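Chemist: This structure is in structure tokens; I'll ask about it shortly.
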Amino acid sequence: MPYTTRDTPEVCARIQTEHALVLRLVRESDPALRSLVLTGGFARGEGMVRDGVPQNDYDFVAFRGFGKPRRSYPRIRADLESHLGLHIDLAPVPK
């Protein structure tokens with residue numbers, strides 16, 4: 001899957017590692033998570049990278065079932081942004 005107009009194996013590996021971290025943290029924080037979908041520029045292959053580092057943001061939609069998450073989505077997003085150094089759009093959508 002292309003993430004940028006100038007993908008390299010290193011860029012793809014970094015982005016996939018970061019997305020795996022996002023999935024892991026959201027999964028741990030929300031047992032009602034059913035699916036996490038990447039949207040936006042990186043999903044369309046239009047993401048921006050400078051010197052091998054993703055720029056702009058990652059956009060995700062979290063489809064979830066019933067039940068309260070262990071941690072709020074704003075808190076999850078803030079933790080991810082702090083860890084990744086990149087803005088994260090994380091929109092929970094109830095079932």
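Within each chain, counting starts at residue 1; across the structure tokens, chains are named A, B, ... in the order shown, with ligands numbered 1 upward in that order.
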Got a sec: who's within 10 Å of A:Arg27, counting only C-alpha atoms, leaving out chain neighbours fewer than 5 positions off, as a short mmCIF file (atom, residue, chain, number, x, y, z; two decimals) with N, CA and C atoms, in the first residue's frame?

Modeler:
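New file out27.cif:
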```
data_model
loop_
_atom_site.label_atom_id
_atom_site.label_comp_id
_atom_site.auth_asym_id
_atom_site.auth_seq_id
_atom_site.Cartn_x
_atom_site.Cartn_y
_atom_site.Cartn_z
N LEU A 21 1.56 0.82 16.37
CA LEU A 21 1.52 1.40 17.72
C LEU A 21 0.16 2.03 17.98
N VAL A 22 -0.36 2.77 17.00
CA VAL A 22 -1.68 3.38 17.15
C VAL A 22 -2.72 2.29 17.40
N ALA A 32 -14.11 -2.10 23.20
CA ALA A 32 -15.24 -2.12 22.26
C ALA A 32 -14.80 -1.83 20.82
N LEU A 33 -13.50 -1.60 20.60
CA LEU A 33 -13.02 -1.31 19.24
C LEU A 33 -13.31 -2.50 18.32
N ARG A 34 -13.89 -2.20 17.18
CA ARG A 34 -14.18 -3.25 16.19
C ARG A 34 -13.27 -3.12 14.97
N SER A 35 -12.92 -1.89 14.62
CA SER A 35 -12.07 -1.68 13.45
C SER A 35 -11.44 -0.30 13.53
N LEU A 36 -10.20 -0.21 13.10
CA LEU A 36 -9.50 1.07 13.04
C LEU A 36 -9.09 1.28 11.59
N ALA A 62 -12.21 5.15 14.29
CA ALA A 62 -12.32 3.99 15.17
C ALA A 62 -13.79 3.57 15.24
N PRO A 69 -14.90 3.15 26.78
CA PRO A 69 -13.46 2.87 26.69
C PRO A 69 -12.79 3.03 28.05
N ARG A 70 -11.67 2.35 28.23
CA ARG A 70 -10.91 2.48 29.48
C ARG A 70 -10.32 3.88 29.61
#
```

Chemist: Residues near stretch 87-89 of chain A, anyone? I mean within 8 Å using only C-alpha atoms, not counting same-chain ones fewer than 2 positions away, as a list in words.

Modeler: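 That gives Asn56, Asp57, Tyr58, Asp59, Phe60, Arg77, Leu80, Glu81, Gly85 and Ala91 of chain A.
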
Chemist: Restrict the selected residues to all heavy atoms and save them as a compact mmCIF listing (two decimals), in the first residue's frame.

Modeler:
```
# COMPACT_ATOMS: atom_id res chain seq x y z
N ASN A 56 2.55 16.34 8.69
CA ASN A 56 1.12 16.60 8.77
C ASN A 56 0.47 15.77 9.86
O ASN A 56 0.75 15.98 11.02
CB ASN A 56 0.43 16.38 7.42
CG ASN A 56 0.90 17.35 6.36
OD1 ASN A 56 1.47 18.39 6.67
ND2 ASN A 56 0.70 17.00 5.12
N ASP A 57 -0.35 14.78 9.49
CA ASP A 57 -1.04 14.00 10.51
C ASP A 57 -1.44 12.64 9.98
O ASP A 57 -1.38 12.38 8.79
CB ASP A 57 -2.28 14.74 11.02
CG ASP A 57 -3.35 14.95 9.94
OD1 ASP A 57 -3.11 14.59 8.76
OD2 ASP A 57 -4.42 15.46 10.26
N TYR A 58 -1.83 11.79 10.91
CA TYR A 58 -2.45 10.51 10.57
C TYR A 58 -3.92 10.67 10.93
O TYR A 58 -4.27 11.17 12.00
CB TYR A 58 -1.88 9.36 11.39
CG TYR A 58 -0.46 8.96 11.05
CD1 TYR A 58 0.43 8.63 12.06
CD2 TYR A 58 -0.02 8.86 9.73
CE1 TYR A 58 1.73 8.23 11.76
CE2 TYR A 58 1.28 8.47 9.44
CZ TYR A 58 2.14 8.16 10.46
OH TYR A 58 3.42 7.76 10.17
N ASP A 59 -4.79 10.21 10.05
CA ASP A 59 -6.23 10.28 10.27
C ASP A 59 -6.79 8.87 10.42
O ASP A 59 -6.58 8.04 9.52
CB ASP A 59 -6.92 10.96 9.08
CG ASP A 59 -6.36 12.34 8.80
OD1 ASP A 59 -6.47 13.20 9.68
OD2 ASP A 59 -5.80 12.56 7.70
N PHE A 60 -7.46 8.62 11.52
CA PHE A 60 -8.06 7.32 11.77
C PHE A 60 -9.52 7.47 12.17
O PHE A 60 -9.89 8.43 12.85
CB PHE A 60 -7.35 6.60 12.93
CG PHE A 60 -5.95 6.18 12.63
CD1 PHE A 60 -4.88 6.99 13.01
CD2 PHE A 60 -5.68 4.98 11.99
CE1 PHE A 60 -3.58 6.61 12.74
CE2 PHE A 60 -4.38 4.60 11.73
CZ PHE A 60 -3.32 5.41 12.10
N ARG A 77 -5.57 10.08 21.95
CA ARG A 77 -4.98 10.92 20.90
C ARG A 77 -3.80 11.73 21.42
O ARG A 77 -2.74 11.78 20.80
CB ARG A 77 -6.05 11.84 20.31
CG ARG A 77 -5.54 12.65 19.14
CD ARG A 77 -6.60 13.56 18.53
NE ARG A 77 -7.01 14.57 19.49
CZ ARG A 77 -8.25 14.69 19.98
NH1 ARG A 77 -9.20 13.85 19.62
NH2 ARG A 77 -8.52 15.64 20.83
N LEU A 80 -0.78 9.48 21.91
CA LEU A 80 -0.19 9.12 20.62
C LEU A 80 0.59 10.29 20.02
O LEU A 80 1.70 10.11 19.51
CB LEU A 80 -1.28 8.65 19.64
CG LEU A 80 -1.84 7.27 19.92
CD1 LEU A 80 -3.12 7.05 19.13
CD2 LEU A 80 -0.81 6.20 19.60
N GLU A 81 0.02 11.47 20.09
CA GLU A 81 0.71 12.65 19.56
C GLU A 81 2.02 12.90 20.29
O GLU A 81 3.03 13.21 19.68
CB GLU A 81 -0.19 13.88 19.67
CG GLU A 81 -1.34 13.87 18.68
CD GLU A 81 -2.27 15.05 18.83
OE1 GLU A 81 -2.19 15.78 19.85
OE2 GLU A 81 -3.11 15.23 17.93
N GLY A 85 5.06 12.45 17.98
CA GLY A 85 5.47 13.78 17.55
C GLY A 85 4.76 14.23 16.29
O GLY A 85 5.31 14.96 15.47
N ALA A 91 -11.17 9.63 15.29
CA ALA A 91 -12.60 9.85 15.42
C ALA A 91 -13.32 8.55 15.76
O ALA A 91 -13.38 7.65 14.94
CB ALA A 91 -13.16 10.40 14.11
```

Chemist: If DSSP is run on the backbone, what residues of stretch 56-91 of chain A are strand (DSSP E or B)? A reply as number ranges by chain would be ideal.

Modeler: A: 57-64, 87-91

Chemist: Excluding stretch 37-50 of chain A and any residue of its chain fewer than 4 positions from it, enumerate the residues within 12 Å of it, using only C-alpha atoms, and give them as an NGL selection string.

Modeler: :A and (1-8 or 10-12 or 14-16 or 18-20 or 22-23 or 26 or 33 or 54-64 or 86 or 88-93)

Chemist: Keeping C-alpha atoms, export the residues of the selection given above as an mmCIF file, in the first residue's frame.

Modeler:
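What ended up in result.cif:
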```cif
data_model
loop_
_atom_site.group_PDB
_atom_site.id
_atom_site.type_symbol
_atom_site.label_atom_id
_atom_site.label_comp_id
_atom_site.auth_asym_id
_atom_site.auth_seq_id
_atom_site.Cartn_x
_atom_site.Cartn_y
_atom_site.Cartn_z
ATOM 1 C CA MET A 1 0.000 0.000 0.000
ATOM 2 C CA PRO A 2 1.532 3.337 -0.958
ATOM 3 C CA TYR A 3 1.491 5.967 1.778
ATOM 4 C CA THR A 4 3.287 8.812 -0.017
ATOM 5 C CA THR A 5 4.247 9.789 -3.544
ATOM 6 C CA ARG A 6 7.849 8.935 -2.660
ATOM 7 C CA ASP A 7 7.649 5.733 -0.659
ATOM 8 C CA THR A 8 10.856 3.924 0.182
ATOM 9 C CA GLU A 10 12.369 2.637 5.123
ATOM 10 C CA VAL A 11 9.486 5.135 4.973
ATOM 11 C CA CYS A 12 6.903 2.348 4.624
ATOM 12 C CA ARG A 14 8.370 3.493 9.751
ATOM 13 C CA ILE A 15 4.759 4.325 8.887
ATOM 14 C CA GLN A 16 3.644 0.717 9.399
ATOM 15 C CA GLU A 18 3.719 3.823 13.833
ATOM 16 C CA HIS A 19 0.314 2.574 12.677
ATOM 17 C CA ALA A 20 0.834 -0.669 14.594
ATOM 18 C CA VAL A 22 -1.684 3.382 17.145
ATOM 19 C CA LEU A 23 -3.678 0.172 16.761
ATOM 20 C CA VAL A 26 -6.382 2.117 20.817
ATOM 21 C CA LEU A 33 -13.018 -1.315 19.243
ATOM 22 C CA PRO A 54 6.058 11.624 8.269
ATOM 23 C CA GLN A 55 4.601 15.148 8.287
ATOM 24 C CA ASN A 56 1.122 16.596 8.766
ATOM 25 C CA ASP A 57 -1.044 13.998 10.515
ATOM 26 C CA TYR A 58 -2.453 10.514 10.572
ATOM 27 C CA ASP A 59 -6.231 10.283 10.270
ATOM 28 C CA PHE A 60 -8.060 7.316 11.772
ATOM 29 C CA VAL A 61 -11.693 6.362 12.265
ATOM 30 C CA ALA A 62 -12.321 3.991 15.173
ATOM 31 C CA PHE A 63 -15.474 1.938 14.651
ATOM 32 C CA ARG A 64 -16.588 0.655 18.007
ATOM 33 C CA LEU A 86 2.749 14.025 14.932
ATOM 34 C CA ILE A 88 -3.372 12.380 15.193
ATOM 35 C CA ASP A 89 -7.005 12.655 14.130
ATOM 36 C CA LEU A 90 -8.849 9.858 15.907
ATOM 37 C CA ALA A 91 -12.603 9.845 15.417
ATOM 38 C CA PRO A 92 -14.603 7.245 17.346
ATOM 39 C CA VAL A 93 -17.804 6.146 15.594
#
```

Chemist: Just checking: using only C-alpha atoms, which residue out of A:Arg24, A:Ile76, A:Pro94, A:Ala13 ends up closest to A:Val53?

Modeler: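 Smallest separation from A:Val53 among the options: A:Ala13.
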